[in-house]
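Q: Please find entry15.pdb (PDB, C-alpha atoms and all ligand atoms) on the next line:
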```pdb
ATOM      1  CA  MET P 688     -20.540  36.114   8.160
ATOM      2  CA  PRO P 689     -17.541  34.111   6.828
ATOM      3  CA  LEU P 690     -16.344  35.156   3.390
ATOM      4  CA  ILE P 691     -16.079  33.154   0.190
ATOM      5  CA  PHE P 692     -13.101  33.972  -2.006
ATOM      6  CA  ASP P 693     -13.858  31.784  -5.004
ATOM      7  CA  ILE P 694     -16.601  29.690  -6.539
ATOM      8  CA  LYS P 695     -15.172  27.123  -8.929
ATOM      9  CA  ARG P 696     -17.582  25.540 -11.391
ATOM     10  CA  TYR P 697     -16.955  22.306 -13.285
ATOM     11  CA  ALA P 698     -14.430  21.155 -10.670
ATOM     12  CA  ILE P 699     -13.362  17.566 -11.338
ATOM     13  CA  HIS P 700     -10.760  17.023  -8.605
ATOM     14  CA  ASP P 701     -12.807  17.883  -5.511
ATOM     15  CA  GLY P 702     -14.815  14.686  -5.114
ATOM     16  CA  PRO P 703     -16.901  12.528  -7.456
ATOM     17  CA  GLY P 704     -18.411  13.838 -10.688
ATOM     18  CA  ILE P 705     -18.527  17.456 -11.768
ATOM     19  CA  ARG P 706     -18.769  19.774  -8.794
ATOM     20  CA  THR P 707     -19.134  23.358  -7.708
ATOM     21  CA  THR P 708     -16.494  24.161  -5.108
ATOM     22  CA  LEU P 709     -16.990  26.950  -2.606
ATOM     23  CA  PHE P 710     -13.770  28.344  -1.124
ATOM     24  CA  LEU P 711     -14.167  29.751   2.400
ATOM     25  CA  LYS P 712     -11.704  32.327   3.649
ATOM     26  CA  GLY P 713      -9.738  31.674   6.844
ATOM     27  CA  CYS P 714      -7.318  28.880   7.762
ATOM     28  CA  PRO P 715      -5.415  28.054  10.970
ATOM     29  CA  LEU P 716      -2.575  26.417   9.008
ATOM     30  CA  ARG P 717       0.224  28.121   7.075
ATOM     31  CA  CYS P 718       1.485  25.404   4.740
ATOM     32  CA  VAL P 719       4.636  26.612   3.025
ATOM     33  CA  TRP P 720       3.449  25.277  -0.347
ATOM     34  CA  CYS P 721      -0.163  26.543  -0.004
ATOM     35  CA  HIS P 722      -1.889  27.074  -3.370
ATOM     36  CA  ASN P 723      -4.318  29.597  -1.893
ATOM     37  CA  PRO P 724      -2.566  31.963   0.522
ATOM     38  CA  GLU P 725      -5.441  34.410   0.025
ATOM     39  CA  SER P 726      -7.440  31.866   2.036
ATOM     40  CA  TRP P 727      -5.358  32.339   5.196
ATOM     41  CA  SER P 728      -6.912  35.526   6.506
ATOM     42  CA  PRO P 729     -10.651  35.416   7.210
ATOM     43  CA  ARG P 730     -10.840  39.075   6.219
ATOM     44  CA  PRO P 731     -11.047  40.585   2.718
ATOM     45  CA  GLN P 732      -7.721  41.354   1.007
ATOM     46  CA  ARG P 733      -6.627  43.422  -1.966
ATOM     47  CA  LEU P 734      -4.743  41.552  -4.696
ATOM     48  CA  TYR P 735      -2.768  43.172  -7.508
ATOM     49  CA  LYS P 736      -1.609  41.457 -10.705
ATOM     50  CA  ARG P 737       1.193  43.523 -12.147
ATOM     51  CA  SER P 738       1.234  41.738 -15.522
ATOM     52  CA  ARG P 739      -2.262  43.071 -16.188
ATOM     53  CA  CYS P 740      -1.611  46.648 -15.072
ATOM     54  CA  ILE P 741      -1.444  49.241 -17.852
ATOM     55  CA  GLY P 742      -0.256  52.015 -15.539
ATOM     56  CA  CYS P 743      -3.265  54.242 -16.157
ATOM     57  CA  ARG P 744      -3.415  55.645 -12.573
ATOM     58  CA  THR P 745      -7.207  55.233 -12.443
ATOM     59  CA  CYS P 746      -6.963  53.386  -9.124
ATOM     60  CA  VAL P 747      -4.592  55.995  -7.661
ATOM     61  CA  GLU P 748      -7.066  58.750  -8.431
ATOM     62  CA  ALA P 749     -10.130  56.739  -7.427
ATOM     63  CA  CYS P 750      -8.896  55.683  -3.991
ATOM     64  CA  PRO P 751     -10.634  57.857  -1.384
ATOM     65  CA  ASN P 752      -7.811  57.271   1.098
ATOM     66  CA  GLY P 753      -4.766  57.909  -1.059
ATOM     67  CA  ALA P 754      -3.653  54.358  -0.290
ATOM     68  CA  LEU P 755      -2.174  53.581  -3.729
ATOM     69  CA  GLY P 756       0.734  55.034  -5.662
ATOM     70  CA  LEU P 757       2.131  54.293  -9.126
ATOM     71  CA  THR P 758       5.841  53.429  -9.030
ATOM     72  CA  PRO P 759       8.263  52.002 -11.624
ATOM     73  CA  GLU P 760       7.411  48.612 -10.053
ATOM     74  CA  GLY P 761       3.686  49.134 -10.602
ATOM     75  CA  ILE P 762       1.018  49.989  -8.063
ATOM     76  CA  ARG P 763       2.252  50.001  -4.476
ATOM     77  CA  PRO P 764       0.629  50.896  -1.120
ATOM     78  CA  THR P 765       1.499  54.385   0.039
ATOM     79  CA  GLY P 766       1.175  53.512   3.708
ATOM     80  CA  ALA P 767      -2.149  55.343   4.063
ATOM     81  CA  PRO P 768      -4.823  52.986   5.448
ATOM     82  CA  CYS P 769      -6.813  50.917   2.958
ATOM     83  CA  SER P 770     -10.460  50.498   3.998
ATOM     84  CA  LEU P 771     -10.955  47.635   1.475
ATOM     85  CA  CYS P 772     -13.849  49.572  -0.039
ATOM     86  CA  GLY P 773     -13.137  47.977  -3.436
ATOM     87  CA  THR P 774     -13.345  51.224  -5.430
ATOM     88  CA  CYS P 775      -9.920  50.670  -7.010
ATOM     89  CA  ALA P 776     -10.846  47.157  -8.160
ATOM     90  CA  ARG P 777     -14.193  48.316  -9.556
ATOM     91  CA  GLU P 778     -12.593  51.207 -11.441
ATOM     92  CA  CYS P 779      -9.531  49.391 -12.778
ATOM     93  CA  PRO P 780     -10.045  48.969 -16.556
ATOM     94  CA  ALA P 781      -7.609  46.038 -16.744
ATOM     95  CA  ALA P 782      -8.874  43.854 -13.885
ATOM     96  CA  ALA P 783      -5.428  44.140 -12.293
ATOM     97  CA  LEU P 784      -6.880  44.758  -8.839
ATOM     98  CA  GLU P 785      -9.258  42.508  -6.977
ATOM     99  CA  ILE P 786     -10.760  42.321  -3.516
ATOM    100  CA  SER P 787     -10.623  38.694  -2.388
ATOM    101  CA  GLY P 788     -13.441  37.607  -0.086
ATOM    102  CA  ARG P 789     -17.124  38.391  -0.190
ATOM    103  CA  ALA P 790     -20.020  37.647   2.129
ATOM    104  CA  TRP P 791     -22.752  35.803   0.228
ATOM    105  CA  PRO P 792     -26.294  35.861   1.589
ATOM    106  CA  MET P 793     -27.543  32.256   1.599
ATOM    107  CA  ASP P 794     -30.216  32.806  -1.075
ATOM    108  CA  GLU P 795     -27.689  34.376  -3.492
ATOM    109  CA  LEU P 796     -25.165  31.627  -2.868
ATOM    110  CA  MET P 797     -27.766  28.919  -3.437
ATOM    111  CA  ALA P 798     -28.851  30.636  -6.662
ATOM    112  CA  GLU P 799     -25.226  30.361  -7.859
ATOM    113  CA  VAL P 800     -25.002  26.713  -6.896
ATOM    114  CA  GLU P 801     -28.370  25.882  -8.492
ATOM    115  CA  LYS P 802     -27.084  27.080 -11.888
ATOM    116  CA  GLU P 803     -25.085  23.854 -12.246
ATOM    117  CA  ARG P 804     -27.663  21.469 -10.773
ATOM    118  CA  GLY P 805     -28.192  19.661 -14.090
ATOM    119  CA  VAL P 806     -24.469  19.113 -14.733
ATOM    120  CA  MET P 807     -23.923  17.910 -11.189
ATOM    121  CA  ALA P 808     -26.875  15.515 -11.345
ATOM    122  CA  ARG P 809     -25.862  14.024 -14.717
ATOM    123  CA  SER P 810     -22.236  13.485 -13.624
ATOM    124  CA  GLY P 811     -22.885  12.195 -10.117
ATOM    125  CA  GLY P 812     -21.282  15.346  -8.749
ATOM    126  CA  GLY P 813     -22.285  17.886  -6.144
ATOM    127  CA  VAL P 814     -20.940  20.695  -4.024
ATOM    128  CA  THR P 815     -17.587  20.749  -2.191
ATOM    129  CA  LEU P 816     -16.720  23.121   0.630
ATOM    130  CA  CYS P 817     -13.061  23.956   0.640
ATOM    131  CA  GLY P 818     -10.794  26.715   1.871
ATOM    132  CA  GLY P 819      -9.031  27.805   3.735
ATOM    133  CA  GLU P 820     -10.511  25.576   6.354
ATOM    134  CA  PRO P 821     -14.329  25.286   6.401
ATOM    135  CA  LEU P 822     -14.203  23.863   9.945
ATOM    136  CA  MET P 823     -12.825  27.195  11.149
ATOM    137  CA  HIS P 824     -16.407  28.483  10.734
ATOM    138  CA  PRO P 825     -18.444  25.622  12.209
ATOM    139  CA  ALA P 826     -21.818  27.388  12.509
ATOM    140  CA  TYR P 827     -21.710  28.740   8.963
ATOM    141  CA  THR P 828     -20.359  25.506   7.477
ATOM    142  CA  LEU P 829     -23.127  23.512   9.165
ATOM    143  CA  GLU P 830     -25.797  25.945   8.005
ATOM    144  CA  LEU P 831     -24.451  25.730   4.467
ATOM    145  CA  LEU P 832     -24.302  21.931   4.535
ATOM    146  CA  GLN P 833     -27.828  21.688   5.924
ATOM    147  CA  GLU P 834     -29.190  23.952   3.199
ATOM    148  CA  LEU P 835     -27.342  21.991   0.491
ATOM    149  CA  GLY P 836     -28.686  18.778   2.012
ATOM    150  CA  ARG P 837     -32.270  20.111   1.991
ATOM    151  CA  ARG P 838     -31.804  20.815  -1.704
ATOM    152  CA  GLY P 839     -30.575  17.291  -2.355
ATOM    153  CA  PHE P 840     -26.987  18.077  -3.364
ATOM    154  CA  HIS P 841     -24.168  15.602  -2.744
ATOM    155  CA  ARG P 842     -21.943  17.346  -0.181
ATOM    156  CA  ALA P 843     -18.186  16.982   0.257
ATOM    157  CA  VAL P 844     -15.956  18.872   2.682
ATOM    158  CA  ASP P 845     -12.248  19.324   2.014
ATOM    159  CA  THR P 846     -10.577  19.788   5.400
ATOM    160  CA  THR P 847      -7.342  19.655   7.370
ATOM    161  CA  LEU P 848      -9.346  18.307  10.363
ATOM    162  CA  TYR P 849      -7.488  20.812  12.525
ATOM    163  CA  ALA P 850     -10.595  21.433  14.640
ATOM    164  CA  GLU P 851     -12.355  20.381  17.828
ATOM    165  CA  PRO P 852     -13.698  16.795  17.705
ATOM    166  CA  ASP P 853     -17.288  17.984  18.285
ATOM    167  CA  VAL P 854     -17.041  20.155  15.185
ATOM    168  CA  VAL P 855     -15.631  17.243  13.180
ATOM    169  CA  ARG P 856     -18.498  14.990  14.356
ATOM    170  CA  SER P 857     -21.164  17.563  13.454
ATOM    171  CA  VAL P 858     -19.727  18.253  10.009
ATOM    172  CA  ALA P 859     -19.223  14.541   9.282
ATOM    173  CA  ALA P 860     -22.922  14.019  10.023
ATOM    174  CA  GLN P 861     -23.891  16.669   7.480
ATOM    175  CA  CYS P 862     -21.945  15.564   4.407
ATOM    176  CA  GLU P 863     -21.571  12.511   2.223
ATOM    177  CA  LEU P 864     -17.785  12.643   1.837
ATOM    178  CA  LEU P 865     -14.789  14.082   3.681
ATOM    179  CA  LEU P 866     -11.607  14.908   1.766
ATOM    180  CA  VAL P 867      -8.952  14.958   4.449
ATOM    181  CA  ASP P 868      -5.420  16.306   4.088
ATOM    182  CA  LEU P 869      -2.565  14.326   5.600
ATOM    183  CA  LYS P 870       0.766  16.067   5.322
ATOM    184  CA  LEU P 871       3.378  14.728   7.688
ATOM    185  CA  MET P 872       3.454  12.065  10.410
ATOM    186  CA  ASP P 873       6.214  13.685  12.456
ATOM    187  CA  SER P 874       4.612  16.408  14.551
ATOM    188  CA  ALA P 875       7.699  18.650  14.764
ATOM    189  CA  ALA P 876       8.103  18.528  10.981
ATOM    190  CA  HIS P 877       4.369  19.142  10.594
ATOM    191  CA  ARG P 878       4.688  22.241  12.753
ATOM    192  CA  ARG P 879       7.704  23.435  10.802
ATOM    193  CA  PHE P 880       6.010  23.166   7.413
ATOM    194  CA  THR P 881       2.381  24.015   8.316
ATOM    195  CA  GLY P 882       2.628  26.096  11.495
ATOM    196  CA  VAL P 883       0.723  23.618  13.711
ATOM    197  CA  PRO P 884       1.431  20.196  15.274
ATOM    198  CA  ASN P 885      -0.427  17.155  13.943
ATOM    199  CA  GLY P 886      -1.758  15.455  17.118
ATOM    200  CA  GLN P 887      -5.294  16.834  16.818
ATOM    201  CA  ILE P 888      -5.392  16.051  13.098
ATOM    202  CA  LEU P 889      -4.368  12.403  13.606
ATOM    203  CA  ASP P 890      -6.863  12.054  16.474
ATOM    204  CA  ASN P 891      -9.607  13.416  14.225
ATOM    205  CA  ILE P 892      -8.673  11.029  11.411
ATOM    206  CA  ARG P 893      -9.030   8.196  13.952
ATOM    207  CA  LEU P 894     -12.380   9.698  14.932
ATOM    208  CA  ILE P 895     -13.849   9.864  11.424
ATOM    209  CA  ALA P 896     -12.562   6.345  10.766
ATOM    210  CA  SER P 897     -14.804   5.214  13.623
ATOM    211  CA  LEU P 898     -17.938   7.049  12.471
ATOM    212  CA  GLY P 899     -18.732   5.085   9.328
ATOM    213  CA  VAL P 900     -18.452   8.117   7.023
ATOM    214  CA  ARG P 901     -16.916   8.007   3.546
ATOM    215  CA  TYR P 902     -13.539   9.691   3.432
ATOM    216  CA  PHE P 903     -10.578  10.098   1.097
ATOM    217  CA  ILE P 904      -7.088  11.030   2.261
ATOM    218  CA  ARG P 905      -5.211  13.611   0.191
ATOM    219  CA  ILE P 906      -1.448  13.861   0.499
ATOM    220  CA  PRO P 907       0.403  16.726  -1.184
ATOM    221  CA  LEU P 908       3.582  14.991  -2.351
ATOM    222  CA  ILE P 909       6.542  17.318  -2.017
ATOM    223  CA  ALA P 910      10.144  16.258  -2.496
ATOM    224  CA  GLY P 911      12.151  17.914   0.280
ATOM    225  CA  VAL P 912       9.165  17.953   2.675
ATOM    226  CA  ASN P 913       7.211  14.702   2.901
ATOM    227  CA  ALA P 914       7.894  12.477  -0.121
ATOM    228  CA  ASP P 915      10.571  10.429   1.659
ATOM    229  CA  ALA P 916       9.991   6.713   2.231
ATOM    230  CA  ALA P 917      10.006   7.057   6.045
ATOM    231  CA  ASN P 918       7.133   9.566   6.097
ATOM    232  CA  LEU P 919       5.103   7.725   3.453
ATOM    233  CA  GLU P 920       5.526   4.378   5.178
ATOM    234  CA  ALA P 921       4.489   5.917   8.509
ATOM    235  CA  SER P 922       1.446   7.495   6.790
ATOM    236  CA  ALA P 923       0.475   4.224   5.125
ATOM    237  CA  ARG P 924       0.933   2.255   8.357
ATOM    238  CA  PHE P 925      -1.253   4.745  10.247
ATOM    239  CA  LEU P 926      -4.022   4.688   7.617
ATOM    240  CA  ALA P 927      -3.956   0.894   7.355
ATOM    241  CA  SER P 928      -4.336   0.605  11.135
ATOM    242  CA  LEU P 929      -7.622   2.553  11.227
ATOM    243  CA  PRO P 930     -10.911   0.767  11.932
ATOM    244  CA  GLN P 931     -12.178   1.963   8.545
ATOM    245  CA  LYS P 932      -9.519   2.615   5.906
ATOM    246  CA  PRO P 933      -9.878   5.610   3.594
ATOM    247  CA  GLU P 934     -11.775   4.793   0.428
ATOM    248  CA  GLU P 935      -8.826   6.139  -1.524
ATOM    249  CA  VAL P 936      -5.496   7.851  -0.945
ATOM    250  CA  ASP P 937      -4.861  10.640  -3.448
ATOM    251  CA  LEU P 938      -1.256  11.680  -4.003
ATOM    252  CA  LEU P 939      -1.122  15.287  -5.204
ATOM    253  CA  PRO P 940       2.266  16.151  -6.749
ATOM    254  CA  TYR P 941       3.698  19.499  -5.649
ATOM    255  CA  HIS P 942       3.056  22.592  -7.730
ATOM    256  CA  ASP P 943       4.241  26.124  -6.993
ATOM    257  CA  ILE P 944       1.074  27.947  -8.072
ATOM    258  CA  GLY P 945       0.953  29.627  -4.650
ATOM    259  CA  LYS P 946       3.953  31.713  -5.721
ATOM    260  CA  GLY P 947       1.971  33.957  -8.045
ATOM    261  CA  LYS P 948      -0.766  34.373  -5.432
ATOM    262  CA  HIS P 949       1.788  35.574  -2.871
ATOM    263  CA  GLU P 950       3.075  38.093  -5.403
ATOM    264  CA  ARG P 951      -0.457  39.386  -5.926
ATOM    265  CA  LEU P 952      -0.960  39.679  -2.172
ATOM    266  CA  GLY P 953       2.377  41.437  -1.687
ATOM    267  CA  THR P 954       3.596  38.610   0.556
ATOM    268  CA  VAL P 955       6.542  36.237   0.174
ATOM    269  CA  TYR P 956       6.285  32.612  -0.961
ATOM    270  CA  ASN P 957       8.405  30.175   1.038
ATOM    271  CA  PRO P 958      10.316  32.897   2.939
ATOM    272  CA  GLU P 959      12.764  30.376   4.450
ATOM    273  CA  LYS P 960      13.588  29.114   0.951
ATOM    274  CA  ILE P 961      12.912  25.509   1.887
ATOM    275  CA  PRO P 962      13.854  23.367  -1.116
ATOM    276  CA  MET P 963      10.583  21.944  -2.488
ATOM    277  CA  ALA P 964      10.043  20.080  -5.745
ATOM    278  CA  ALA P 965       7.566  17.885  -7.537
ATOM    279  CA  PRO P 966       8.307  14.188  -7.044
ATOM    280  CA  SER P 967       9.991  12.413  -9.951
ATOM    281  CA  GLU P 968       8.123   9.665 -11.829
ATOM    282  CA  GLU P 969      10.255   7.170  -9.934
ATOM    283  CA  ASP P 970       9.321   8.772  -6.576
ATOM    284  CA  LEU P 971       5.668   8.678  -7.558
ATOM    285  CA  SER P 972       5.799   4.979  -8.481
ATOM    286  CA  ARG P 973       7.643   4.188  -5.251
ATOM    287  CA  SER P 974       5.020   6.143  -3.284
ATOM    288  CA  HIS P 975       2.219   4.165  -4.933
ATOM    289  CA  ARG P 976       3.909   0.891  -4.076
ATOM    290  CA  ILE P 977       4.258   1.921  -0.417
ATOM    291  CA  PHE P 978       0.518   2.563  -0.002
ATOM    292  CA  GLU P 979      -0.472  -0.484  -2.044
ATOM    293  CA  ALA P 980       1.753  -2.672   0.140
ATOM    294  CA  PHE P 981      -0.446  -1.651   3.094
ATOM    295  CA  GLY P 982      -3.605  -2.638   1.213
ATOM    296  CA  LEU P 983      -4.668   0.944   0.478
ATOM    297  CA  SER P 984      -6.284   2.101  -2.745
ATOM    298  CA  VAL P 985      -4.049   4.860  -4.116
ATOM    299  CA  ARG P 986      -4.160   7.137  -7.120
ATOM    300  CA  THR P 987      -2.386  10.221  -8.372
ATOM    301  CA  GLY P 988      -4.640  13.246  -8.207
ATOM    302  CA  ALA P 989      -4.235  16.845  -9.341
TER     303      ALA P 989
HETATM  304  S1  LIG X   1      -9.807  49.133  -1.518
HETATM  305 FE1  LIG X   1     -10.546  51.274  -1.329
HETATM  306  S2  LIG X   1      -9.212  52.171   0.225
HETATM  307 FE2  LIG X   1      -8.224  50.280  -0.412
HETATM  308  S3  LIG X   1      -6.771  50.887  -2.024
HETATM  309 FE3  LIG X   1      -8.687  50.313  -3.051
HETATM  310  S4  LIG X   1      -9.871  52.210  -3.248
HETATM  311 FE4  LIG X   1      -8.236  52.582  -1.750
HETATM  312  S1  LIG X   2      -6.370  51.143 -12.487
HETATM  313 FE1  LIG X   2      -5.627  49.066 -12.840
HETATM  314  S2  LIG X   2      -4.441  49.205 -14.748
HETATM  315 FE2  LIG X   2      -4.704  51.318 -14.002
HETATM  316  S3  LIG X   2      -2.847  51.677 -12.755
HETATM  317 FE3  LIG X   2      -4.444  50.912 -11.344
HETATM  318  S4  LIG X   2      -4.077  48.677 -11.275
HETATM  319 FE4  LIG X   2      -2.976  49.477 -13.075
END
```
How would this structure read if it were set down as structure tokens?
A:
Amino acid sequence: MPLIFDIKRYAIHDGPGIRTTLFLKGCPLRCVWCHNPESWSPRPQRLYKRSRCIGCRTCVEACPNGALGLTPEGIRPTGAPCSLCGTCARECPAAALEISGRAWPMDELMAEVEKERGVMARSGGGVTLCGGEPLMHPAYTLELLQELGRRGFHRAVDTTLYAEPDVVRSVAAQCELLLVDLKLMDSAAHRRFTGVPNGQILDNIRLIASLGVRYFIRIPLIAGVNADAANLEASARFLASLPQKPEEVDLLPYHDIGKGKHERLGTVYNPEKIPMAAPSEEDLSRSHRIFEAFGLSVRTGA
């Protein structure tokens, strides 16, 4: 069963109203700026937050495999295999260790979602599936969407659309809103910054624009990567040419919150040291004007 690595309540940036967002583990992309690198692997992972660690050695002694050691730099793997049993995280008195990713039986997951039914209903919200990439697990994502639909929740899916067209069609038929990432129009640049080319993604955007489904486009705006006028104009021209334009284009200014997550995973953020920065106010205004000039509804998101 696919794993969920976070359940975010009271989410206000993942579709209309107040929402509960379910984060599925596993993604085929490797965006350099990714906010959630713990979503990349579909398997569970151990995270360690050094700033919380009090150096008590409880985890070292509790680990049945001798996989952890205390060093002047904090807890480090010893090289012995970690079975991801979670004992260290359960025993840690400071919540410095965590196992990311848990399989949720459907009834337990629905019980979690139902807790916020009133808030969602009053705010016009619902449930958003996010990741990672939910379309990487088509059978599970469809089962989840069908169950949410049976219960009358508004369903949104946040996706890269890097998936087979049949999967895109099936998921589009089982939700009320798609939140689709668009990163770069040049395929070689897309591959450089995300690990995959963009042909399938653009084809799938054309596909959903022909299906009559509601969709928003979300563009992470990163100076040094995609915030240049040439890329934004190409993006706007492409979106304006579709049979059904996106209901809105959300520009999401760059943030480096993925950095801390990489540290907790023991992996390296932006290993090639690609210069990336948040767009200036001037860049943001210019970006708005570009999309508006193509007749698109644009706003700055978060
Ligand atoms: S998850 Fe289990 S095996 Fe892995 S380090 Fe923690 S206690 Fe040891
Ligand atoms: S149990 Fe927690 S606080 Fe204690 S050494 Fe291990 S990670 Fe640090």
Q: Within 8 Å of ligand LIG 1 (chain X), counting only C-alpha atoms and all ligand atoms, which protein or nucleic acid residues do you find, written as a PDB file with C-alpha atoms, keeping the file's coordinate frame?
A:
```pdb
ATOM      1  CA  ARG P 733      -6.627  43.422  -1.966  1.00  0.00           C
ATOM      2  CA  CYS P 746      -6.963  53.386  -9.124  1.00  0.00           C
ATOM      3  CA  VAL P 747      -4.592  55.995  -7.661  1.00  0.00           C
ATOM      4  CA  ALA P 749     -10.130  56.739  -7.427  1.00  0.00           C
ATOM      5  CA  CYS P 750      -8.896  55.683  -3.991  1.00  0.00           C
ATOM      6  CA  PRO P 751     -10.634  57.857  -1.384  1.00  0.00           C
ATOM      7  CA  ASN P 752      -7.811  57.271   1.098  1.00  0.00           C
ATOM      8  CA  GLY P 753      -4.766  57.909  -1.059  1.00  0.00           C
ATOM      9  CA  ALA P 754      -3.653  54.358  -0.290  1.00  0.00           C
ATOM     10  CA  LEU P 755      -2.174  53.581  -3.729  1.00  0.00           C
ATOM     11  CA  PRO P 764       0.629  50.896  -1.120  1.00  0.00           C
ATOM     12  CA  PRO P 768      -4.823  52.986   5.448  1.00  0.00           C
ATOM     13  CA  CYS P 769      -6.813  50.917   2.958  1.00  0.00           C
ATOM     14  CA  SER P 770     -10.460  50.498   3.998  1.00  0.00           C
ATOM     15  CA  LEU P 771     -10.955  47.635   1.475  1.00  0.00           C
ATOM     16  CA  CYS P 772     -13.849  49.572  -0.039  1.00  0.00           C
ATOM     17  CA  GLY P 773     -13.137  47.977  -3.436  1.00  0.00           C
ATOM     18  CA  THR P 774     -13.345  51.224  -5.430  1.00  0.00           C
ATOM     19  CA  CYS P 775      -9.920  50.670  -7.010  1.00  0.00           C
ATOM     20  CA  ALA P 776     -10.846  47.157  -8.160  1.00  0.00           C
ATOM     21  CA  ILE P 786     -10.760  42.321  -3.516  1.00  0.00           C
TER      22      ILE P 786
END
```
Q: Please, what is the axis-aligned box for every listed atom of stretch 887-893 of chain P with 3 Å on each side, as centre and edge lengths in Å to one decimal, as JSON?
A:
```
{"center_x": -7.0, "center_y": 12.5, "center_z": 14.1, "size_x": 11.2, "size_y": 14.6, "size_z": 11.4}
```
Q: Could you jot down the atom CA of P:Leu938 to atom CA of P:Leu822 separation for me, Å, one decimal place?
A: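 Atom-to-atom, atom CA of P:Leu938 to atom CA of P:Leu822, that is 22.6 Å.
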Q: Give the answer as one residue: which of P:Leu894, P:Leu757, P:Ala921, P:Met823 has the shortest atom-to-atom distance to ligand LIG 2 (chain X), using all atoms listed in the file?
A: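 Once distances to ligand LIG 2 (chain X) are computed over all atoms listed in the file, the minimum belongs to P:Leu757.
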Q: So that I can check the surroundings of stretch 896-910 of chain P, please list as a PyMOL selection string every protein, DNA and RNA residue that reaches within 10 Å of it, counting all atoms listed in the file and ignoring chain neighbours fewer than 5 positions away.
A: chain P and resi 702+720-721+843-847+856+859-860+862-871+890-891+915+919+922+926+929-942+962-967+970-971+974+984-989
Q: Give me a file of those residues, with C-alpha atoms, as a compact mmCIF listing (two decimals), keeping the file's coordinate frame.
A:
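Heads up, here's the output in result.txt:
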```txt
# COMPACT_ATOMS: atom_id res chain seq x y z
CA GLY P 702 -14.82 14.69 -5.11
CA TRP P 720 3.45 25.28 -0.35
CA CYS P 721 -0.16 26.54 0.00
CA ALA P 843 -18.19 16.98 0.26
CA VAL P 844 -15.96 18.87 2.68
CA ASP P 845 -12.25 19.32 2.01
CA THR P 846 -10.58 19.79 5.40
CA THR P 847 -7.34 19.66 7.37
CA ARG P 856 -18.50 14.99 14.36
CA ALA P 859 -19.22 14.54 9.28
CA ALA P 860 -22.92 14.02 10.02
CA CYS P 862 -21.94 15.56 4.41
CA GLU P 863 -21.57 12.51 2.22
CA LEU P 864 -17.78 12.64 1.84
CA LEU P 865 -14.79 14.08 3.68
CA LEU P 866 -11.61 14.91 1.77
CA VAL P 867 -8.95 14.96 4.45
CA ASP P 868 -5.42 16.31 4.09
CA LEU P 869 -2.56 14.33 5.60
CA LYS P 870 0.77 16.07 5.32
CA LEU P 871 3.38 14.73 7.69
CA ASP P 890 -6.86 12.05 16.47
CA ASN P 891 -9.61 13.42 14.22
CA ASP P 915 10.57 10.43 1.66
CA LEU P 919 5.10 7.72 3.45
CA SER P 922 1.45 7.50 6.79
CA LEU P 926 -4.02 4.69 7.62
CA LEU P 929 -7.62 2.55 11.23
CA PRO P 930 -10.91 0.77 11.93
CA GLN P 931 -12.18 1.96 8.54
CA LYS P 932 -9.52 2.62 5.91
CA PRO P 933 -9.88 5.61 3.59
CA GLU P 934 -11.78 4.79 0.43
CA GLU P 935 -8.83 6.14 -1.52
CA VAL P 936 -5.50 7.85 -0.94
CA ASP P 937 -4.86 10.64 -3.45
CA LEU P 938 -1.26 11.68 -4.00
CA LEU P 939 -1.12 15.29 -5.20
CA PRO P 940 2.27 16.15 -6.75
CA TYR P 941 3.70 19.50 -5.65
CA HIS P 942 3.06 22.59 -7.73
CA PRO P 962 13.85 23.37 -1.12
CA MET P 963 10.58 21.94 -2.49
CA ALA P 964 10.04 20.08 -5.74
CA ALA P 965 7.57 17.89 -7.54
CA PRO P 966 8.31 14.19 -7.04
CA SER P 967 9.99 12.41 -9.95
CA ASP P 970 9.32 8.77 -6.58
CA LEU P 971 5.67 8.68 -7.56
CA SER P 974 5.02 6.14 -3.28
CA SER P 984 -6.28 2.10 -2.74
CA VAL P 985 -4.05 4.86 -4.12
CA ARG P 986 -4.16 7.14 -7.12
CA THR P 987 -2.39 10.22 -8.37
CA GLY P 988 -4.64 13.25 -8.21
CA ALA P 989 -4.24 16.84 -9.34
```
Q: If the limit is 9 Å from any atom of ligand LIG 2 (chain X), counting all atoms listed in the file, which residues qualify? Return them as a list in words.
A: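 Those within range of ligand LIG 2 (chain X) are Tyr735, Lys736, Arg737, Arg739, Cys740, Ile741, Gly742, Cys743, Arg744, Thr745, Cys746, Val747, Glu748, Ala749, Leu755, Gly756, Leu757, Gly761, Ile762, Cys775, Ala776, Arg777, Glu778, Cys779, Pro780, Ala781, Ala782, Ala783 and Leu784 of chain P.
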Q: Translate the PyMOL selection byres (((chain P and resi 874-888) around 8) and not hetatm) into a concrete residue list for this structure, as a PyMOL selection string.
A: chain P and resi 716-719+847-851+870-873+889-892+912
Q: Which distance in Å separates atom CA of P:Val814 and atom CA of P:Thr707, to one decimal?
A: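 Answer for the atom CA of P:Val814 to atom CA of P:Thr707 separation: 4.9 Å.
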Q: Would you work out the distance separating atom CA of P:Glu834 from atom CA of P:Leu690, expressed in Å to one decimal?
A: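 Straight-line distance from atom CA of P:Glu834 to atom CA of P:Leu690 works out to 17.0 Å.
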Q: I'd like the residues picked by the PyMOL selection byres (((chain P and resi 710) around 9) and not hetatm) written out as a ChimeraX atom specification, using the chain letters and numbers from the file.
A: /P:690-695,708-709,711-712,726,815-821
Q: Counting only C-alpha atoms, figure out which residue out of P:Ile705, P:Leu832, P:Arg763, P:Lys948 gets nearest to P:Arg809.
A: P:Ile705
Q: Residues picked by the PyMOL selection byres (((chain P and resi 729) around 8) and not hetatm) here, as a ChimeraX atom specification?
A: /P:689-690,712-714,726-728,730-731
Q: Which residue out of P:Val858, P:Leu983, P:Pro759, P:Ser738 has the minimum interatomic distance to P:Thr828 when only C-alpha atoms are used?
A: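 The shortest atom-to-atom distance to P:Thr828 comes from P:Val858.
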